[in-house]
Amino acid sequence: MTISYTLKVANSRFGGFSKLLFRWKGSIYKLLYKEFIVFVVLYAMLSLVYRRLLTEEQKRLYTKVAQYCNRSTDLIPISFVLGFYVTLIVNRWWAQYTSIPLPDQLMCVISSNVHGKDERGRILRRTLIRYANLSAVLILRSVSTRVLKRFPTMDHVVEAGFMTQDERKKFESLHSDFNKYWIPCVWFTNLVAQARRDGRIRDDVALRLLMDELNLYRAKCSMLFHYDWISIPLVYTQVVTIAVYSFFAFCLIGRQFLEPLEPGQEGDLDMYVPLSTLLQFFFYAGWLKVAEQIINPFGEDDDDFETNKLIDRNLQVSLLSVDDMYQNLPPAVKDKYWNESTAQPPYTMATAAETLKPSFLGSTFDMRMCEDGEQSQPVEPSPSMPRIQTPLLSRFFAAASPAISIKNFSRGGRGHPHLRRPRADGGFPSPYPNRSEDPEAVARIEEEETEDEENEASEQSTPGSRPGKTRPPEASGTQRKELPLILVKAPSNESIGADRPDSCEP
């Protein structure tokens, strides 16, 4: 049966986990003690042979072999290989548990949507839920050794009441080379369709809900079958097993006590019991045994799933839900807190201290604000207040230099003169008409542009200049006249602080 110790660790206390170390059932000691005894016996035999039976020359040779084996243990990535393997096994183990079909959702839908207090309605509800339980029994017989021992033949299934003799004949008359756990699910769908035609199911919405819940139930049965069919690749299991056993085979030889090779050389401490090596065996071999135990949780180990108990529980609860509890409701009355605005259930003396704890209202609920009253005053937005949302390019222009000429950008845009429309006076409109311009910044930019034009003219008149980089002066002058340079106004301290772009003038 499954070993549960959840109550023992409900509260963290001194030595809480230490008490669990003395339990035998379901423990690592019960799982590993045979392999541990074999390892200790082999280690003791090799130690006796080395100490009592070998000559000096043989001890020298054994020492070299032991040193080689001890170095070889570092070449085996046992922690990585074993840790990844056990993680994969544990995830698969929990996924298999969540794939066990439980009829709880299906039985609630059947009880609420298949109507009729007469014998026919009762037969329909009980038969539908029995088909669902029969499908689970058939799939569990295929994957669980415990269930197969309980129901070794179909006669035992009929005798247990999951199937009638007529249903068995129908079941066995359908020949298939594959597992036939899905046949009761098909019977379920046909019976539901018949109940809809007879008016036992009152609308198509209820019929659709029944079919959806059945499909979810059947999908879990199918997933159990596939988990049993598709195992973790055998090569991975073999790699992990070989890694663990070869590691401890090297440890048997390499972790022995060795006498020094030279007469005056200081030897290691003679530990008759290799504690560190035994702990390594306990950890790594125990890790492997854990994976071995839970790789198939449908066996008969201590921590394997209680499938027979699940079958008993599912049948009893589902039949009770669809039969005895159908339309068997307690009277609807006013609750205890009908006239109270705030419901407060009573506490016992053991839990009275919990009433003194304040309710959690949020992590910032008790945060202290600044005592300055001006910081808490509301501020009305006005058009004159600076905005902080600016384009990235304008932000770069505002922070780079007091006066920036973006001549390169204007050259790149000469092919698109329609994007800039000059004013009547020959200049370009400013994007910020309400702002005044800085005459000093404009003068500096104009002086800079004049120097650039003189440099270009001198380069073009140089005899050794490349023909590919020279341009006719007329063309350059024409382009400059068509596309005047864009100048950027120097930002003031106020505009930089507000992170706003400056106005531009030609």
# chains A, B, ... in the order shown; residues from 1 in each chain; ligands from 1

call {"tool": "residues_around", "arguments": {"residues": "A:Lys117", "least_positions_apart": "3", "cutoff": "12 Å", "atoms": "only C-alpha atoms", "output": "JSON, numbers by chain"}}
result
{"A": [111, 114, 120, 121, 122, 123, 124, 125, 200, 322, 323, 324, 325, 326, 327, 328]}

call {"tool": "write_last_selection", "arguments": {"atoms": "C-alpha atoms", "output": "PDB file, in the first residue's frame"}}
result
ATOM      1  CA  SER A 111     -27.086  12.603 -12.171  1.00  0.00           C
ATOM      2  CA  VAL A 114     -30.453  11.916 -17.218  1.00  0.00           C
ATOM      3  CA  ARG A 120     -36.239   2.984 -16.471  1.00  0.00           C
ATOM      4  CA  GLY A 121     -34.524   6.224 -15.478  1.00  0.00           C
ATOM      5  CA  ARG A 122     -32.723   4.513 -12.639  1.00  0.00           C
ATOM      6  CA  ILE A 123     -31.533   1.718 -14.941  1.00  0.00           C
ATOM      7  CA  LEU A 124     -30.230   4.244 -17.458  1.00  0.00           C
ATOM      8  CA  ARG A 125     -28.169   6.170 -14.908  1.00  0.00           C
ATOM      9  CA  ARG A 200     -34.679  11.320 -20.718  1.00  0.00           C
ATOM     10  CA  VAL A 322     -26.431   8.603  -9.831  1.00  0.00           C
ATOM     11  CA  ASP A 323     -28.977   6.526  -7.892  1.00  0.00           C
ATOM     12  CA  ASP A 324     -29.546   7.307  -4.216  1.00  0.00           C
ATOM     13  CA  MET A 325     -28.660  10.979  -4.567  1.00  0.00           C
ATOM     14  CA  TYR A 326     -30.775  11.619  -7.682  1.00  0.00           C
ATOM     15  CA  GLN A 327     -33.345  14.314  -6.808  1.00  0.00           C
ATOM     16  CA  ASN A 328     -32.673  13.563  -3.144  1.00  0.00           C
TER      17      ASN A 328
END

call {"tool": "residues_around", "arguments": {"residues": "A:Cys251", "least_positions_apart": "5", "cutoff": "9 Å", "atoms": "only C-alpha atoms", "output": "ChimeraX atom specification"}}
result
/A:43,66,69-70,73,246,256,277

call {"tool": "residues_around", "arguments": {"residues": "A:Asp302", "least_positions_apart": "3", "cutoff": "12 Å", "atoms": "only C-alpha atoms", "output": "list in words"}}
result
Met1, Thr2, Ile3, Ser4, Trp24, Lys25, Gly26, Ser27, Ile28, Lys30, Leu31, Val290, Gln293, Ile294, Pro297, Phe298, Gly299, Phe305 and Glu306 of chain A

call {"tool": "write_last_selection", "arguments": {"atoms": "all heavy atoms", "output": "compact mmCIF listing (two decimals), in the first residue's frame"}}
result
# COMPACT_ATOMS: atom_id res chain seq x y z
N MET A 1 0.84 -1.18 0.00
CA MET A 1 0.00 0.00 0.00
C MET A 1 0.88 1.24 0.00
O MET A 1 2.07 1.19 0.34
CB MET A 1 -0.92 0.00 1.22
CG MET A 1 -0.20 -0.01 2.55
SD MET A 1 -1.31 0.03 3.96
CE MET A 1 -2.05 1.63 3.73
N THR A 2 0.30 2.38 -0.39
CA THR A 2 1.04 3.63 -0.43
C THR A 2 1.36 4.10 0.99
O THR A 2 0.50 4.11 1.86
CB THR A 2 0.22 4.70 -1.16
OG1 THR A 2 -0.09 4.23 -2.46
CG2 THR A 2 1.00 5.99 -1.26
N ILE A 3 2.63 4.47 1.20
CA ILE A 3 3.08 4.91 2.52
C ILE A 3 2.92 6.42 2.59
O ILE A 3 3.55 7.17 1.83
CB ILE A 3 4.55 4.51 2.77
CG1 ILE A 3 4.74 3.01 2.53
CG2 ILE A 3 4.98 4.90 4.17
CD1 ILE A 3 3.87 2.14 3.40
N SER A 4 2.08 6.89 3.50
CA SER A 4 1.82 8.31 3.65
C SER A 4 2.38 8.79 4.98
O SER A 4 2.12 8.19 6.03
CB SER A 4 0.32 8.59 3.57
OG SER A 4 0.06 9.95 3.77
N TRP A 24 10.69 1.84 8.65
CA TRP A 24 11.19 0.75 7.82
C TRP A 24 10.34 0.55 6.56
O TRP A 24 10.87 0.44 5.45
CB TRP A 24 11.23 -0.55 8.63
CG TRP A 24 11.59 -1.75 7.79
CD1 TRP A 24 10.75 -2.73 7.36
CD2 TRP A 24 12.88 -2.08 7.30
NE1 TRP A 24 11.43 -3.66 6.62
CE2 TRP A 24 12.75 -3.29 6.57
CE3 TRP A 24 14.14 -1.50 7.39
CZ2 TRP A 24 13.82 -3.92 5.95
CZ3 TRP A 24 15.20 -2.13 6.78
CH2 TRP A 24 15.04 -3.31 6.06
N LYS A 25 9.04 0.55 6.70
CA LYS A 25 8.18 0.28 5.56
C LYS A 25 8.21 1.45 4.58
O LYS A 25 7.97 2.59 4.95
CB LYS A 25 6.74 0.03 6.03
CG LYS A 25 5.88 -0.62 4.96
CD LYS A 25 4.57 -1.09 5.54
CE LYS A 25 3.77 -1.85 4.49
NZ LYS A 25 2.48 -2.34 5.03
N GLY A 26 8.53 1.15 3.35
CA GLY A 26 8.63 2.16 2.33
C GLY A 26 9.92 2.97 2.40
O GLY A 26 10.03 3.99 1.73
N SER A 27 10.89 2.54 3.19
CA SER A 27 12.12 3.31 3.39
C SER A 27 13.19 2.87 2.39
O SER A 27 13.10 1.84 1.72
CB SER A 27 12.64 3.12 4.82
OG SER A 27 13.02 1.76 5.02
N ILE A 28 14.26 3.68 2.34
CA ILE A 28 15.38 3.36 1.47
C ILE A 28 16.16 2.18 2.02
O ILE A 28 16.80 1.43 1.26
CB ILE A 28 16.29 4.60 1.31
CG1 ILE A 28 17.37 4.37 0.27
CG2 ILE A 28 16.89 4.99 2.65
CD1 ILE A 28 16.86 4.13 -1.12
N LYS A 30 14.90 -0.56 3.39
CA LYS A 30 14.24 -1.77 2.90
C LYS A 30 14.51 -1.99 1.42
O LYS A 30 14.59 -3.14 0.96
CB LYS A 30 12.73 -1.66 3.16
CG LYS A 30 11.93 -2.87 2.73
CD LYS A 30 10.46 -2.68 3.02
CE LYS A 30 9.65 -3.89 2.54
NZ LYS A 30 8.19 -3.71 2.79
N LEU A 31 14.66 -0.92 0.70
CA LEU A 31 14.85 -1.01 -0.75
C LEU A 31 16.29 -1.34 -1.13
O LEU A 31 16.54 -1.96 -2.17
CB LEU A 31 14.43 0.31 -1.38
CG LEU A 31 14.22 0.36 -2.89
CD1 LEU A 31 13.09 -0.56 -3.31
CD2 LEU A 31 13.93 1.79 -3.33
N VAL A 290 15.34 4.18 -6.32
CA VAL A 290 14.11 4.98 -6.34
C VAL A 290 13.53 4.99 -7.75
O VAL A 290 12.32 4.81 -7.96
CB VAL A 290 14.39 6.41 -5.84
CG1 VAL A 290 13.22 7.32 -6.14
CG2 VAL A 290 14.67 6.39 -4.35
N GLN A 293 11.95 1.73 -8.58
CA GLN A 293 10.67 1.47 -7.92
C GLN A 293 9.51 2.19 -8.57
O GLN A 293 8.42 1.63 -8.70
CB GLN A 293 10.76 1.85 -6.45
CG GLN A 293 9.49 1.51 -5.67
CD GLN A 293 9.58 1.96 -4.23
OE1 GLN A 293 10.21 2.98 -3.93
NE2 GLN A 293 8.97 1.22 -3.33
N ILE A 294 9.72 3.44 -9.01
CA ILE A 294 8.59 4.23 -9.50
C ILE A 294 8.54 4.32 -11.02
O ILE A 294 7.69 5.03 -11.55
CB ILE A 294 8.63 5.66 -8.91
CG1 ILE A 294 9.84 6.43 -9.43
CG2 ILE A 294 8.63 5.61 -7.41
CD1 ILE A 294 9.88 7.87 -8.96
N PRO A 297 4.60 2.47 -11.67
CA PRO A 297 3.89 2.55 -10.39
C PRO A 297 2.67 1.65 -10.30
O PRO A 297 1.92 1.75 -9.32
CB PRO A 297 3.49 4.02 -10.32
CG PRO A 297 3.34 4.43 -11.75
CD PRO A 297 4.33 3.63 -12.53
N PHE A 298 2.45 0.80 -11.28
CA PHE A 298 1.30 -0.10 -11.25
C PHE A 298 1.69 -1.52 -10.86
O PHE A 298 1.04 -2.48 -11.25
CB PHE A 298 0.60 -0.11 -12.62
CG PHE A 298 -0.02 1.20 -12.98
CD1 PHE A 298 0.62 2.07 -13.84
CD2 PHE A 298 -1.23 1.59 -12.43
CE1 PHE A 298 0.06 3.28 -14.18
CE2 PHE A 298 -1.79 2.81 -12.76
CZ PHE A 298 -1.14 3.66 -13.63
N GLY A 299 2.77 -1.63 -10.09
CA GLY A 299 3.20 -2.93 -9.60
C GLY A 299 2.72 -3.16 -8.18
O GLY A 299 1.64 -2.72 -7.78
N PHE A 305 0.73 2.55 -6.86
CA PHE A 305 -0.64 3.05 -6.73
C PHE A 305 -1.58 1.95 -6.25
O PHE A 305 -1.48 0.79 -6.66
CB PHE A 305 -1.14 3.58 -8.08
CG PHE A 305 -0.30 4.71 -8.63
CD1 PHE A 305 -0.19 4.89 -9.99
CD2 PHE A 305 0.36 5.58 -7.79
CE1 PHE A 305 0.57 5.93 -10.50
CE2 PHE A 305 1.12 6.61 -8.28
CZ PHE A 305 1.23 6.79 -9.64
N GLU A 306 -2.51 2.38 -5.40
CA GLU A 306 -3.52 1.44 -4.86
C GLU A 306 -4.67 1.33 -5.86
O GLU A 306 -5.76 1.91 -5.66
CB GLU A 306 -4.00 1.94 -3.50
CG GLU A 306 -2.97 1.88 -2.41
CD GLU A 306 -2.69 0.46 -1.97
OE1 GLU A 306 -3.53 -0.42 -2.21
OE2 GLU A 306 -1.61 0.23 -1.40

call {"tool": "closest_residue", "arguments": {"among": "A:Val9, A:Val65, A:Ile232, A:Val317", "to": "A:Glu292", "atoms": "only C-alpha atoms"}}
result
A:Ile232

call {"tool": "select_by_dssp", "arguments": {"residues": "stretch 14-233 of chain A", "states": "alpha helix (DSSP H)", "output": "PyMOL selection string"}}
result
chain A and resi 16-20+28-48+56-72+78-98+104-113+119-143+145-150+154-159+165-173+183-197+204-229

call {"tool": "atom_distance", "arguments": {"atom1": "atom CA of A:Ser144", "atom2": "atom CA of A:Ala291"}}
result
17.9 Å

call {"tool": "residues_around", "arguments": {"residues": "A:Tyr227", "least_positions_apart": "2", "cutoff": "10 Å", "atoms": "only C-alpha atoms", "output": "number ranges by chain"}}
result
A: 92-93, 95-96, 99, 143, 222-225, 229-232, 296

call {"tool": "closest_residue", "arguments": {"among": "A:Leu258, A:Leu252, A:Leu216, A:Leu210", "to": "A:Arg51", "atoms": "only C-alpha atoms"}}
result
A:Leu258

call {"tool": "atom_distance", "arguments": {"atom1": "atom CA of A:Gly83", "atom2": "atom CA of A:Trp287"}}
result
8.2 Å

call {"tool": "atom_distance", "arguments": {"atom1": "atom CA of A:Asp212", "atom2": "atom CA of A:Cys108"}}
result
13.0 Å

call {"tool": "closest_residue", "arguments": {"among": "A:Ala44, A:Val86, A:Leu148, A:Leu32", "to": "A:Arg255", "atoms": "only C-alpha atoms"}}
result
A:Ala44

call {"tool": "residues_around", "arguments": {"residues": "stretch 129-142 of chain A", "least_positions_apart": "6", "cutoff": "6 Å", "atoms": "only C-alpha atoms", "output": "JSON, numbers by chain"}}
result
{"A": [148, 162, 181, 184]}

call {"tool": "write_last_selection", "arguments": {"atoms": "all heavy atoms", "output": "JSON list (two decimals), in the first residue's frame"}}
result
[["chain", "number", "residue", "atom", "x", "y", "z"],
["A", 148, "LEU", "N", -4.91, -7.27, -12.21],
["A", 148, "LEU", "CA", -4.98, -8.53, -12.97],
["A", 148, "LEU", "C", -5.05, -9.73, -12.04],
["A", 148, "LEU", "O", -5.75, -10.72, -12.33],
["A", 148, "LEU", "CB", -3.76, -8.65, -13.89],
["A", 148, "LEU", "CG", -3.75, -9.86, -14.82],
["A", 148, "LEU", "CD1", -4.95, -9.83, -15.76],
["A", 148, "LEU", "CD2", -2.45, -9.94, -15.61],
["A", 162, "PHE", "N", -19.38, -5.84, -12.79],
["A", 162, "PHE", "CA", -19.07, -4.79, -13.76],
["A", 162, "PHE", "C", -19.65, -5.08, -15.14],
["A", 162, "PHE", "O", -19.78, -4.16, -15.95],
["A", 162, "PHE", "CB", -17.55, -4.62, -13.89],
["A", 162, "PHE", "CG", -16.90, -4.04, -12.67],
["A", 162, "PHE", "CD1", -16.29, -4.85, -11.73],
["A", 162, "PHE", "CD2", -16.90, -2.67, -12.44],
["A", 162, "PHE", "CE1", -15.70, -4.32, -10.60],
["A", 162, "PHE", "CE2", -16.30, -2.13, -11.32],
["A", 162, "PHE", "CZ", -15.70, -2.96, -10.38],
["A", 181, "TYR", "N", -10.65, -2.05, -24.38],
["A", 181, "TYR", "CA", -11.18, -1.30, -23.24],
["A", 181, "TYR", "C", -12.17, -0.22, -23.67],
["A", 181, "TYR", "O", -12.96, 0.27, -22.86],
["A", 181, "TYR", "CB", -10.02, -0.64, -22.48],
["A", 181, "TYR", "CG", -9.32, 0.45, -23.25],
["A", 181, "TYR", "CD1", -9.74, 1.77, -23.16],
["A", 181, "TYR", "CD2", -8.25, 0.17, -24.10],
["A", 181, "TYR", "CE1", -9.12, 2.77, -23.88],
["A", 181, "TYR", "CE2", -7.61, 1.15, -24.81],
["A", 181, "TYR", "CZ", -8.05, 2.45, -24.70],
["A", 181, "TYR", "OH", -7.43, 3.43, -25.43],
["A", 184, "PRO", "N", -16.93, -0.47, -23.86],
["A", 184, "PRO", "CA", -17.97, 0.09, -22.99],
["A", 184, "PRO", "C", -18.21, 1.58, -23.21],
["A", 184, "PRO", "O", -19.34, 2.06, -23.01],
["A", 184, "PRO", "CB", -17.41, -0.17, -21.57],
["A", 184, "PRO", "CG", -16.51, -1.35, -21.74],
["A", 184, "PRO", "CD", -15.90, -1.18, -23.09]]

call {"tool": "residues_around", "arguments": {"residues": "A:Thr241", "least_positions_apart": "3", "cutoff": "12 Å", "atoms": "only C-alpha atoms", "output": "ChimeraX atom specification"}}
result
/A:78,81-82,85-86,234-238,244-248,284-285,287-289,291-292
